[in-house]
>>> print(open('target_37.cif').read())   # mmCIF, C-alpha atoms; chains and numbers go by the auth columns
data_target
#
loop_
_atom_site.group_PDB
_atom_site.id
_atom_site.type_symbol
_atom_site.label_atom_id
_atom_site.label_comp_id
_atom_site.label_asym_id
_atom_site.label_seq_id
_atom_site.Cartn_x
_atom_site.Cartn_y
_atom_site.Cartn_z
_atom_site.B_iso_or_equiv
_atom_site.auth_seq_id
_atom_site.auth_asym_id
ATOM 1 C CA GLY A 1 12.523 7.939 -10.742 0.00 8 V
ATOM 2 C CA ASP A 2 10.300 4.933 -10.284 0.00 9 V
ATOM 3 C CA SER A 3 6.659 5.584 -11.088 0.00 10 V
ATOM 4 C CA VAL A 4 3.277 3.991 -11.662 0.00 11 V
ATOM 5 C CA THR A 5 0.673 4.960 -14.251 0.00 12 V
ATOM 6 C CA GLN A 6 -2.992 4.040 -13.955 0.00 13 V
ATOM 7 C CA MET A 7 -5.657 4.437 -16.614 0.00 14 V
ATOM 8 C CA GLU A 8 -7.476 7.742 -16.532 0.00 15 V
ATOM 9 C CA GLY A 9 -10.963 8.324 -15.207 0.00 16 V
ATOM 10 C CA PRO A 10 -13.505 6.547 -13.020 0.00 17 V
ATOM 11 C CA VAL A 11 -14.863 3.128 -13.870 0.00 18 V
ATOM 12 C CA THR A 12 -18.608 2.533 -13.690 0.00 19 V
ATOM 13 C CA LEU A 13 -20.003 -0.917 -14.276 0.00 20 V
ATOM 14 C CA SER A 14 -22.943 -3.142 -13.418 0.00 21 V
ATOM 15 C CA GLU A 15 -22.970 -5.826 -10.772 0.00 22 V
ATOM 16 C CA GLU A 16 -21.503 -9.149 -11.980 0.00 23 V
ATOM 17 C CA ALA A 17 -19.569 -7.418 -14.771 0.00 24 V
ATOM 18 C CA PHE A 18 -15.876 -8.074 -15.436 0.00 25 V
ATOM 19 C CA LEU A 19 -13.488 -5.460 -14.055 0.00 26 V
ATOM 20 C CA THR A 20 -10.064 -4.546 -15.405 0.00 27 V
ATOM 21 C CA ILE A 21 -7.960 -1.650 -14.162 0.00 28 V
ATOM 22 C CA ASN A 22 -4.733 -1.064 -16.043 0.00 29 V
ATOM 23 C CA CYS A 23 -1.449 -0.319 -14.318 0.00 30 V
ATOM 24 C CA THR A 24 1.978 0.089 -15.875 0.00 31 V
ATOM 25 C CA TYR A 25 5.210 0.937 -14.153 0.00 32 V
ATOM 26 C CA THR A 26 8.640 2.401 -14.760 0.00 33 V
ATOM 27 C CA ALA A 27 11.473 1.187 -12.586 0.00 34 V
ATOM 28 C CA THR A 28 15.211 0.806 -12.862 0.00 35 V
ATOM 29 C CA GLY A 29 15.434 -2.293 -10.697 0.00 36 V
ATOM 30 C CA TYR A 30 13.124 -5.173 -9.852 0.00 37 V
ATOM 31 C CA PRO A 31 10.257 -3.685 -7.872 0.00 38 V
ATOM 32 C CA SER A 32 7.539 -5.347 -5.882 0.00 39 V
ATOM 33 C CA LEU A 33 4.055 -4.420 -7.082 0.00 40 V
ATOM 34 C CA PHE A 34 0.909 -3.817 -5.078 0.00 41 V
ATOM 35 C CA TRP A 35 -2.774 -3.012 -5.324 0.00 42 V
ATOM 36 C CA TYR A 36 -4.282 -1.062 -2.443 0.00 43 V
ATOM 37 C CA VAL A 37 -8.019 -0.369 -2.021 0.00 44 V
ATOM 38 C CA GLN A 38 -9.675 2.573 -0.276 0.00 45 V
ATOM 39 C CA TYR A 39 -13.317 2.102 0.681 0.00 46 V
ATOM 40 C CA PRO A 40 -15.437 5.224 1.278 0.00 47 V
ATOM 41 C CA GLY A 41 -14.425 7.033 4.458 0.00 48 V
ATOM 42 C CA GLU A 42 -11.552 4.677 5.215 0.00 49 V
ATOM 43 C CA GLY A 43 -7.795 4.480 4.812 0.00 50 V
ATOM 44 C CA LEU A 44 -6.001 2.315 2.271 0.00 51 V
ATOM 45 C CA GLN A 45 -5.815 -1.459 2.673 0.00 52 V
ATOM 46 C CA LEU A 46 -3.414 -3.810 0.930 0.00 53 V
ATOM 47 C CA LEU A 47 -5.445 -5.882 -1.527 0.00 54 V
ATOM 48 C CA LEU A 48 -2.735 -8.016 -3.134 0.00 55 V
ATOM 49 C CA LYS A 49 0.922 -7.989 -4.089 0.00 56 V
ATOM 50 C CA ALA A 50 3.523 -9.689 -6.281 0.00 57 V
ATOM 51 C CA THR A 51 7.248 -9.591 -5.641 0.00 58 V
ATOM 52 C CA LYS A 52 8.760 -10.969 -8.845 0.00 59 V
ATOM 53 C CA ALA A 53 8.053 -11.453 -12.524 0.00 60 V
ATOM 54 C CA ASP A 54 5.214 -13.852 -13.428 0.00 61 V
ATOM 55 C CA ASP A 55 3.951 -13.907 -9.830 0.00 62 V
ATOM 56 C CA LYS A 56 0.181 -13.674 -9.494 0.00 63 V
ATOM 57 C CA GLY A 57 -1.296 -11.910 -6.500 0.00 64 V
ATOM 58 C CA SER A 58 -4.880 -12.707 -5.540 0.00 65 V
ATOM 59 C CA ASN A 59 -7.367 -11.806 -2.821 0.00 66 V
ATOM 60 C CA LYS A 60 -11.160 -11.476 -2.510 0.00 67 V
ATOM 61 C CA GLY A 61 -11.629 -12.605 -6.117 0.00 68 V
ATOM 62 C CA PHE A 62 -9.199 -9.995 -7.457 0.00 69 V
ATOM 63 C CA GLU A 63 -6.079 -11.024 -9.375 0.00 70 V
ATOM 64 C CA ALA A 64 -3.057 -9.298 -10.880 0.00 71 V
ATOM 65 C CA THR A 65 -0.046 -10.795 -12.640 0.00 72 V
ATOM 66 C CA TYR A 66 3.410 -9.205 -12.627 0.00 73 V
ATOM 67 C CA ARG A 67 4.354 -8.894 -16.315 0.00 74 V
ATOM 68 C CA LYS A 68 7.940 -7.799 -16.709 0.00 75 V
ATOM 69 C CA GLU A 69 7.864 -7.890 -20.515 0.00 76 V
ATOM 70 C CA THR A 70 5.035 -5.340 -20.639 0.00 77 V
ATOM 71 C CA THR A 71 5.886 -3.652 -17.296 0.00 78 V
ATOM 72 C CA SER A 72 2.282 -4.100 -16.217 0.00 79 V
ATOM 73 C CA PHE A 73 0.260 -5.236 -13.218 0.00 80 V
ATOM 74 C CA HIS A 74 -3.375 -5.029 -14.311 0.00 81 V
ATOM 75 C CA LEU A 75 -6.078 -5.722 -11.742 0.00 82 V
ATOM 76 C CA GLU A 76 -8.972 -8.012 -12.696 0.00 83 V
ATOM 77 C CA LYS A 77 -12.095 -9.427 -11.124 0.00 84 V
ATOM 78 C CA GLY A 78 -14.490 -11.708 -12.916 0.00 85 V
ATOM 79 C CA SER A 79 -17.753 -10.659 -11.271 0.00 86 V
ATOM 80 C CA VAL A 80 -17.909 -7.449 -9.263 0.00 87 V
ATOM 81 C CA GLN A 81 -20.308 -6.669 -6.436 0.00 88 V
ATOM 82 C CA VAL A 82 -21.675 -3.364 -5.169 0.00 89 V
ATOM 83 C CA SER A 83 -19.396 -3.779 -2.154 0.00 90 V
ATOM 84 C CA ASP A 84 -16.365 -3.539 -4.483 0.00 91 V
ATOM 85 C CA SER A 85 -17.106 0.156 -5.045 0.00 92 V
ATOM 86 C CA ALA A 86 -13.943 1.893 -3.896 0.00 93 V
ATOM 87 C CA VAL A 87 -10.797 3.619 -5.094 0.00 94 V
ATOM 88 C CA TYR A 88 -8.028 1.299 -6.270 0.00 95 V
ATOM 89 C CA PHE A 89 -4.343 2.302 -6.189 0.00 96 V
ATOM 90 C CA CYS A 90 -1.504 0.559 -7.930 0.00 97 V
ATOM 91 C CA ALA A 91 1.884 0.954 -6.219 0.00 98 V
ATOM 92 C CA LEU A 92 5.465 -0.192 -6.430 0.00 99 V
ATOM 93 C CA SER A 93 8.365 -0.509 -4.066 0.00 100 V
ATOM 94 C CA ASP A 94 11.864 -0.580 -5.431 0.00 101 V
ATOM 95 C CA GLY A 95 13.250 -2.265 -2.361 0.00 102 V
ATOM 96 C CA GLY A 96 16.118 0.187 -2.168 0.00 103 V
ATOM 97 C CA ASN A 97 14.572 2.652 0.221 0.00 104 V
ATOM 98 C CA ASN A 98 11.355 0.716 0.736 0.00 105 V
ATOM 99 C CA ARG A 99 9.193 3.668 -0.168 0.00 106 V
ATOM 100 C CA LEU A 100 5.974 3.106 -2.039 0.00 107 V
ATOM 101 C CA ALA A 101 5.204 5.022 -5.219 0.00 108 V
ATOM 102 C CA PHE A 102 1.449 5.201 -5.796 0.00 109 V
ATOM 103 C CA GLY A 103 -0.534 5.691 -8.962 0.00 110 V
ATOM 104 C CA LYS A 104 -3.278 8.317 -9.069 0.00 111 V
ATOM 105 C CA GLY A 105 -6.012 5.824 -8.220 0.00 112 V
ATOM 106 C CA ASN A 106 -9.179 4.758 -10.021 0.00 113 V
ATOM 107 C CA GLN A 107 -12.651 5.256 -8.630 0.00 114 V
ATOM 108 C CA VAL A 108 -14.752 2.147 -9.263 0.00 115 V
ATOM 109 C CA VAL A 109 -18.522 2.413 -8.960 0.00 116 V
ATOM 110 C CA VAL A 110 -20.590 -0.762 -9.192 0.00 117 V
ATOM 111 C CA ILE A 111 -24.276 -0.258 -9.917 0.00 118 V
ATOM 112 C CA PRO A 112 -26.847 -2.840 -8.767 0.00 119 V
ATOM 113 C CA GLU B 1 -7.735 -5.283 10.691 0.00 26 D
ATOM 114 C CA ALA B 2 -5.146 -2.543 11.133 0.00 27 D
ATOM 115 C CA ASP B 3 -4.731 -1.019 14.584 0.00 28 D
ATOM 116 C CA ILE B 4 -3.857 2.490 13.549 0.00 29 D
ATOM 117 C CA TYR B 5 -5.916 5.458 14.631 0.00 30 D
ATOM 118 C CA GLN B 6 -6.209 9.054 13.581 0.00 31 D
ATOM 119 C CA THR B 7 -7.940 11.938 15.294 0.00 32 D
ATOM 120 C CA PRO B 8 -9.770 14.045 14.532 0.00 33 D
ATOM 121 C CA ARG B 9 -11.494 12.453 11.543 0.00 34 D
ATOM 122 C CA TYR B 10 -12.747 15.841 10.361 0.00 35 D
ATOM 123 C CA LEU B 11 -11.503 19.327 11.203 0.00 36 D
ATOM 124 C CA VAL B 12 -12.730 22.727 10.043 0.00 37 D
ATOM 125 C CA ILE B 13 -10.560 25.575 11.216 0.00 38 D
ATOM 126 C CA GLY B 14 -9.793 29.197 10.448 0.00 39 D
ATOM 127 C CA THR B 15 -6.684 30.561 8.800 0.00 40 D
ATOM 128 C CA GLY B 16 -3.755 31.158 11.123 0.00 41 D
ATOM 129 C CA LYS B 17 -4.687 28.551 13.717 0.00 42 D
ATOM 130 C CA LYS B 18 -2.209 25.981 14.964 0.00 43 D
ATOM 131 C CA ILE B 19 -3.362 22.390 14.553 0.00 44 D
ATOM 132 C CA THR B 20 -2.053 18.965 15.455 0.00 45 D
ATOM 133 C CA LEU B 21 -3.247 15.816 13.738 0.00 46 D
ATOM 134 C CA GLU B 22 -2.843 12.741 15.897 0.00 47 D
ATOM 135 C CA CYS B 23 -1.776 9.287 14.756 0.00 48 D
ATOM 136 C CA SER B 24 -1.269 6.246 16.957 0.00 49 D
ATOM 137 C CA GLN B 25 -0.632 2.587 16.232 0.00 50 D
ATOM 138 C CA THR B 26 -0.671 -0.399 18.559 0.00 51 D
ATOM 139 C CA MET B 27 1.200 -2.826 16.314 0.00 52 D
ATOM 140 C CA GLY B 28 4.679 -1.938 17.568 0.00 53 D
ATOM 141 C CA HIS B 29 5.749 -0.787 14.117 0.00 54 D
ATOM 142 C CA ASP B 30 8.971 1.180 13.946 0.00 55 D
ATOM 143 C CA LYS B 31 8.312 2.956 10.658 0.00 56 D
ATOM 144 C CA MET B 32 5.527 5.495 10.298 0.00 57 D
ATOM 145 C CA TYR B 33 4.427 7.779 7.471 0.00 58 D
ATOM 146 C CA TRP B 34 2.254 10.763 6.674 0.00 59 D
ATOM 147 C CA TYR B 35 0.667 11.126 3.255 0.00 60 D
ATOM 148 C CA GLN B 36 -1.305 14.013 1.818 0.00 61 D
ATOM 149 C CA GLN B 37 -4.147 12.974 -0.475 0.00 62 D
ATOM 150 C CA ASP B 38 -5.398 15.647 -2.828 0.00 63 D
ATOM 151 C CA PRO B 39 -8.944 15.900 -4.214 0.00 64 D
ATOM 152 C CA GLY B 40 -7.789 13.980 -7.281 0.00 65 D
ATOM 153 C CA MET B 41 -6.990 11.113 -4.885 0.00 66 D
ATOM 154 C CA GLU B 42 -3.249 11.079 -5.603 0.00 67 D
ATOM 155 C CA LEU B 43 -1.104 10.285 -2.561 0.00 68 D
ATOM 156 C CA HIS B 44 2.027 12.219 -1.715 0.00 69 D
ATOM 157 C CA LEU B 45 4.470 11.188 1.005 0.00 70 D
ATOM 158 C CA ILE B 46 5.222 14.240 3.164 0.00 71 D
ATOM 159 C CA HIS B 47 6.978 12.772 6.231 0.00 72 D
ATOM 160 C CA TYR B 48 8.255 9.477 7.566 0.00 73 D
ATOM 161 C CA SER B 49 10.092 8.116 10.571 0.00 74 D
ATOM 162 C CA TYR B 50 12.249 5.059 11.167 0.00 75 D
ATOM 163 C CA GLY B 51 11.655 5.087 14.902 0.00 76 D
ATOM 164 C CA VAL B 52 11.893 7.211 18.037 0.00 77 D
ATOM 165 C CA ASN B 53 13.650 10.540 17.428 0.00 78 D
ATOM 166 C CA SER B 54 13.806 9.927 13.675 0.00 79 D
ATOM 167 C CA THR B 55 11.943 12.181 11.237 0.00 80 D
ATOM 168 C CA GLU B 56 12.507 12.592 7.503 0.00 81 D
ATOM 169 C CA LYS B 57 11.011 14.734 4.750 0.00 82 D
ATOM 170 C CA GLY B 58 9.049 12.911 2.080 0.00 83 D
ATOM 171 C CA ASP B 59 8.674 13.462 -1.633 0.00 84 D
ATOM 172 C CA LEU B 60 6.302 16.439 -1.413 0.00 85 D
ATOM 173 C CA SER B 61 7.449 19.578 0.345 0.00 86 D
ATOM 174 C CA SER B 62 5.157 20.425 3.246 0.00 87 D
ATOM 175 C CA GLU B 63 4.975 23.261 5.763 0.00 88 D
ATOM 176 C CA SER B 64 3.940 20.765 8.425 0.00 89 D
ATOM 177 C CA THR B 65 6.281 19.267 11.009 0.00 90 D
ATOM 178 C CA VAL B 66 6.282 15.918 12.779 0.00 91 D
ATOM 179 C CA SER B 67 7.728 14.429 15.931 0.00 92 D
ATOM 180 C CA ARG B 68 8.367 10.885 17.157 0.00 93 D
ATOM 181 C CA ILE B 69 8.877 10.816 20.897 0.00 94 D
ATOM 182 C CA ARG B 70 7.173 7.468 21.370 0.00 95 D
ATOM 183 C CA THR B 71 7.123 4.482 19.026 0.00 96 D
ATOM 184 C CA GLU B 72 3.345 4.369 18.827 0.00 97 D
ATOM 185 C CA HIS B 73 2.716 8.072 18.296 0.00 98 D
ATOM 186 C CA PHE B 74 3.497 10.242 15.244 0.00 99 D
ATOM 187 C CA PRO B 75 1.689 13.603 15.377 0.00 100 D
ATOM 188 C CA LEU B 76 1.717 16.138 12.551 0.00 101 D
ATOM 189 C CA THR B 77 1.586 19.853 13.316 0.00 102 D
ATOM 190 C CA LEU B 78 0.745 22.925 11.252 0.00 103 D
ATOM 191 C CA GLU B 79 1.863 26.080 13.066 0.00 104 D
ATOM 192 C CA SER B 80 -0.363 28.397 11.019 0.00 105 D
ATOM 193 C CA ALA B 81 -3.034 26.783 8.888 0.00 106 D
ATOM 194 C CA ARG B 82 -3.840 28.200 5.451 0.00 107 D
ATOM 195 C CA PRO B 83 -6.529 27.318 2.884 0.00 108 D
ATOM 196 C CA SER B 84 -3.823 25.669 0.765 0.00 109 D
ATOM 197 C CA HIS B 85 -3.443 23.092 3.557 0.00 110 D
ATOM 198 C CA THR B 86 -6.982 21.835 2.931 0.00 111 D
ATOM 199 C CA SER B 87 -6.616 18.155 2.134 0.00 112 D
ATOM 200 C CA GLN B 88 -6.942 14.661 3.513 0.00 113 D
ATOM 201 C CA TYR B 89 -4.009 13.458 5.623 0.00 114 D
ATOM 202 C CA LEU B 90 -3.335 9.741 5.923 0.00 115 D
ATOM 203 C CA CYS B 91 -1.069 8.157 8.502 0.00 116 D
ATOM 204 C CA ALA B 92 0.489 4.726 7.945 0.00 117 D
ATOM 205 C CA SER B 93 2.908 2.361 9.643 0.00 118 D
ATOM 206 C CA SER B 94 4.985 -0.689 8.770 0.00 119 D
ATOM 207 C CA GLN B 95 7.544 -3.056 10.181 0.00 120 D
ATOM 208 C CA LEU B 96 11.154 -2.187 9.386 0.00 121 D
ATOM 209 C CA ALA B 97 11.619 -5.750 8.148 0.00 122 D
ATOM 210 C CA ASN B 98 8.617 -5.467 5.814 0.00 123 D
ATOM 211 C CA GLN B 99 8.366 -1.824 4.833 0.00 124 D
ATOM 212 C CA GLU B 100 6.539 -2.608 1.623 0.00 125 D
ATOM 213 C CA THR B 101 3.346 -3.542 3.457 0.00 126 D
ATOM 214 C CA GLN B 102 1.927 -0.416 5.019 0.00 127 D
ATOM 215 C CA TYR B 103 -1.121 -0.195 7.260 0.00 128 D
ATOM 216 C CA PHE B 104 -3.174 2.955 6.935 0.00 129 D
ATOM 217 C CA GLY B 105 -5.328 4.890 9.338 0.00 130 D
ATOM 218 C CA PRO B 106 -8.768 6.214 8.303 0.00 131 D
ATOM 219 C CA GLY B 107 -7.444 9.691 7.588 0.00 132 D
ATOM 220 C CA THR B 108 -8.166 13.227 8.754 0.00 133 D
ATOM 221 C CA ARG B 109 -10.086 15.548 6.434 0.00 134 D
ATOM 222 C CA LEU B 110 -8.868 19.087 7.038 0.00 135 D
ATOM 223 C CA LEU B 111 -10.686 22.184 5.783 0.00 136 D
ATOM 224 C CA VAL B 112 -9.059 25.549 6.398 0.00 137 D
ATOM 225 C CA LEU B 113 -11.326 28.538 5.853 0.00 138 D
#
>>> encode(input="target_37.cif", output="structure tokens")
Amino acid sequence: GDSVTQMEGPVTLSEEAFLTINCTYTATGYPSLFWYVQYPGEGLQLLLKATKADDKGSNKGFEATYRKETTSFHLEKGSVQVSDSAVYFCALSDGGNNRLAFGKGNQVVVIP
Amino acid sequence: EADIYQTPRYLVIGTGKKITLECSQTMGHDKMYWYQQDPGMELHLIHYSYGVNSTEKGDLSSESTVSRIRTEHFPLTLESARPSHTSQYLCASSQLANQETQYFGPGTRLLVL
């Protein structure tokens, strides 16, 4: 079935550093792709999305580009802040049954 | 800001007790979901509903049950809690016309002793 794979392990970096979180997907059709963020003690929030190949989603300084040729949707931010410390989930929806398939999530810790 | 609420936020309970986790949303969304989030953070869909009187099993088998008597309310019940039920439970909702964008509640952390 459709699935999402995120890079293993937490990510720890210093304030103002460049952040990349890798996400690749497997899907039979043409899925929509999402990044959700979970701040400490809260539920998930939609961060950005892209619905077709070559689309770029962006929000709060984060960006991700839908790459069909590499089946990827990597999340990037040029200069992180302490307030970006959270868990980030990549997800896809195949449109058929409109269910989201989530990756395992990546804990991001930004140190002042 | 999402208008979806979960109570309690934290619950510690003994084995064998019956519990109900509450979820309510004020956005008029027809579709609602329950996810179980394990300590490794992975999310598993355990139940969902398309609207009143609709309930469906998700991808992960669960001993819990759900009901949908009112559009805004989607409670989850465990008839007899066990330590294996210890987890975080997240409720979410979406419009039927835009099911890809889900709005999540803050979650309930359940610890069964």
>>> residues_around(input="target_37.cif", residues="segment 105-114 of chain V", least_positions_apart="6", cutoff="7 Å", atoms="all atoms listed in the file", output="number ranges by chain")
V: 10-13, 16-18, 93-99; D: 66-68, 124-125
>>> resolve_selection(input="target_37.cif", expression="the PyMOL selection byres ((chain V and resi 70) around 9)", output="PDB file with C-alpha atoms, keeping the file's coordinate frame")
ATOM      1  CA  LEU V  55      -2.735  -8.016  -3.134  1.00  0.00           C
ATOM      2  CA  LYS V  63       0.181 -13.674  -9.494  1.00  0.00           C
ATOM      3  CA  GLY V  64      -1.296 -11.910  -6.500  1.00  0.00           C
ATOM      4  CA  SER V  65      -4.880 -12.707  -5.540  1.00  0.00           C
ATOM      5  CA  ASN V  66      -7.367 -11.806  -2.821  1.00  0.00           C
ATOM      6  CA  LYS V  67     -11.160 -11.476  -2.510  1.00  0.00           C
ATOM      7  CA  GLY V  68     -11.629 -12.605  -6.117  1.00  0.00           C
ATOM      8  CA  PHE V  69      -9.199  -9.995  -7.457  1.00  0.00           C
ATOM      9  CA  ALA V  71      -3.057  -9.298 -10.880  1.00  0.00           C
ATOM     10  CA  THR V  72      -0.046 -10.795 -12.640  1.00  0.00           C
ATOM     11  CA  HIS V  81      -3.375  -5.029 -14.311  1.00  0.00           C
ATOM     12  CA  LEU V  82      -6.078  -5.722 -11.742  1.00  0.00           C
ATOM     13  CA  GLU V  83      -8.972  -8.012 -12.696  1.00  0.00           C
ATOM     14  CA  LYS V  84     -12.095  -9.427 -11.124  1.00  0.00           C
TER      15      LYS V  84
END
>>> residues_around(input="target_37.cif", residues="Thr45 of chain D", least_positions_apart="3", cutoff="7 Å", atoms="all atoms listed in the file", output="ChimeraX atom specification")
/D:100-103
>>> resolve_selection(input="target_37.cif", expression="the PyMOL selection byres ((chain D) within 9 of (chain V))", output="ChimeraX atom specification")
/D:27,65-70,115-117,123-132
>>> closest_residue(input="target_37.cif", among="V:Ala34, V:Val87, V:Arg74, V:Ala60", to="Thr19 of chain V", atoms="all atoms listed in the file")
V:Val87
>>> atom_distance(input="target_37.cif", atom1="atom CA of Phe99 of chain D", atom2="atom CA of Asp9 of chain V")
26.9 Å
>>> closest_residue(input="target_37.cif", among="D:Leu46, D:Trp59, D:Pro64, D:Leu138", to="Lys82 of chain D", atoms="all atoms listed in the file")
D:Trp59
>>> residues_around(input="target_37.cif", residues="Met14 of chain V", least_positions_apart="3", cutoff="7 Å", atoms="only C-alpha atoms", output="PyMOL selection string")
chain V and resi 28-30
>>> residues_around(input="target_37.cif", residues="Thr80 of chain D", least_positions_apart="5", cutoff="10 Å", atoms="only C-alpha atoms", output="number ranges by chain")
D: 56-58, 72-75, 90-93, 99
>>> closest_residue(input="target_37.cif", among="D:Val77, D:Tyr114, D:Cys48, D:Ser109", to="Tyr35 of chain D", atoms="all atoms listed in the file")
D:Tyr114
>>> resolve_selection(input="target_37.cif", expression="the PyMOL selection byres ((chain D and resi 106) around 10)", output="PDB file with C-alpha atoms, keeping the file's coordinate frame")
ATOM      1  CA  ILE D  38     -10.560  25.575  11.216  1.00  0.00           C
ATOM      2  CA  GLY D  39      -9.793  29.197  10.448  1.00  0.00           C
ATOM      3  CA  THR D  40      -6.684  30.561   8.800  1.00  0.00           C
ATOM      4  CA  GLY D  41      -3.755  31.158  11.123  1.00  0.00           C
ATOM      5  CA  LYS D  42      -4.687  28.551  13.717  1.00  0.00           C
ATOM      6  CA  LYS D  43      -2.209  25.981  14.964  1.00  0.00           C
ATOM      7  CA  ILE D  44      -3.362  22.390  14.553  1.00  0.00           C
ATOM      8  CA  GLU D  88       4.975  23.261   5.763  1.00  0.00           C
ATOM      9  CA  SER D  89       3.940  20.765   8.425  1.00  0.00           C
ATOM     10  CA  THR D 102       1.586  19.853  13.316  1.00  0.00           C
ATOM     11  CA  LEU D 103       0.745  22.925  11.252  1.00  0.00           C
ATOM     12  CA  GLU D 104       1.863  26.080  13.066  1.00  0.00           C
ATOM     13  CA  SER D 105      -0.363  28.397  11.019  1.00  0.00           C
ATOM     14  CA  ARG D 107      -3.840  28.200   5.451  1.00  0.00           C
ATOM     15  CA  PRO D 108      -6.529  27.318   2.884  1.00  0.00           C
ATOM     16  CA  SER D 109      -3.823  25.669   0.765  1.00  0.00           C
ATOM     17  CA  HIS D 110      -3.443  23.092   3.557  1.00  0.00           C
ATOM     18  CA  THR D 111      -6.982  21.835   2.931  1.00  0.00           C
ATOM     19  CA  LEU D 135      -8.868  19.087   7.038  1.00  0.00           C
ATOM     20  CA  LEU D 136     -10.686  22.184   5.783  1.00  0.00           C
ATOM     21  CA  VAL D 137      -9.059  25.549   6.398  1.00  0.00           C
ATOM     22  CA  LEU D 138     -11.326  28.538   5.853  1.00  0.00           C
TER      23      LEU D 138
END
>>> atom_distance(input="target_37.cif", atom1="atom CA of Thr77 of chain V", atom2="atom CA of Asp91 of chain V")
26.9 Å
>>> residues_near_point(input="target_37.cif", point="(-3.8, 16.9, -1.2)", cutoff="7 Å", atoms="all atoms listed in the file", output="compact mmCIF listing (two decimals) with C-alpha atoms, in the frame of the given file")
# COMPACT_ATOMS: atom_id res chain seq x y z
CA GLN D 61 -1.30 14.01 1.82
CA GLN D 62 -4.15 12.97 -0.48
CA ASP D 63 -5.40 15.65 -2.83
CA PRO D 64 -8.94 15.90 -4.21
CA SER D 112 -6.62 18.16 2.13
CA GLN D 113 -6.94 14.66 3.51
>>> atom_distance(input="target_37.cif", atom1="atom CA of Asn78 of chain D", atom2="atom CA of Gln31 of chain D")
20.3 Å
>>> axis_aligned_box(input="target_37.cif", around="segment 94-103 of chain V", padding_each_side="3 Å", output="JSON")
{"center_x": 2.7, "center_y": 0.7, "center_z": -5.0, "size_x": 32.9, "size_y": 11.9, "size_z": 11.8}
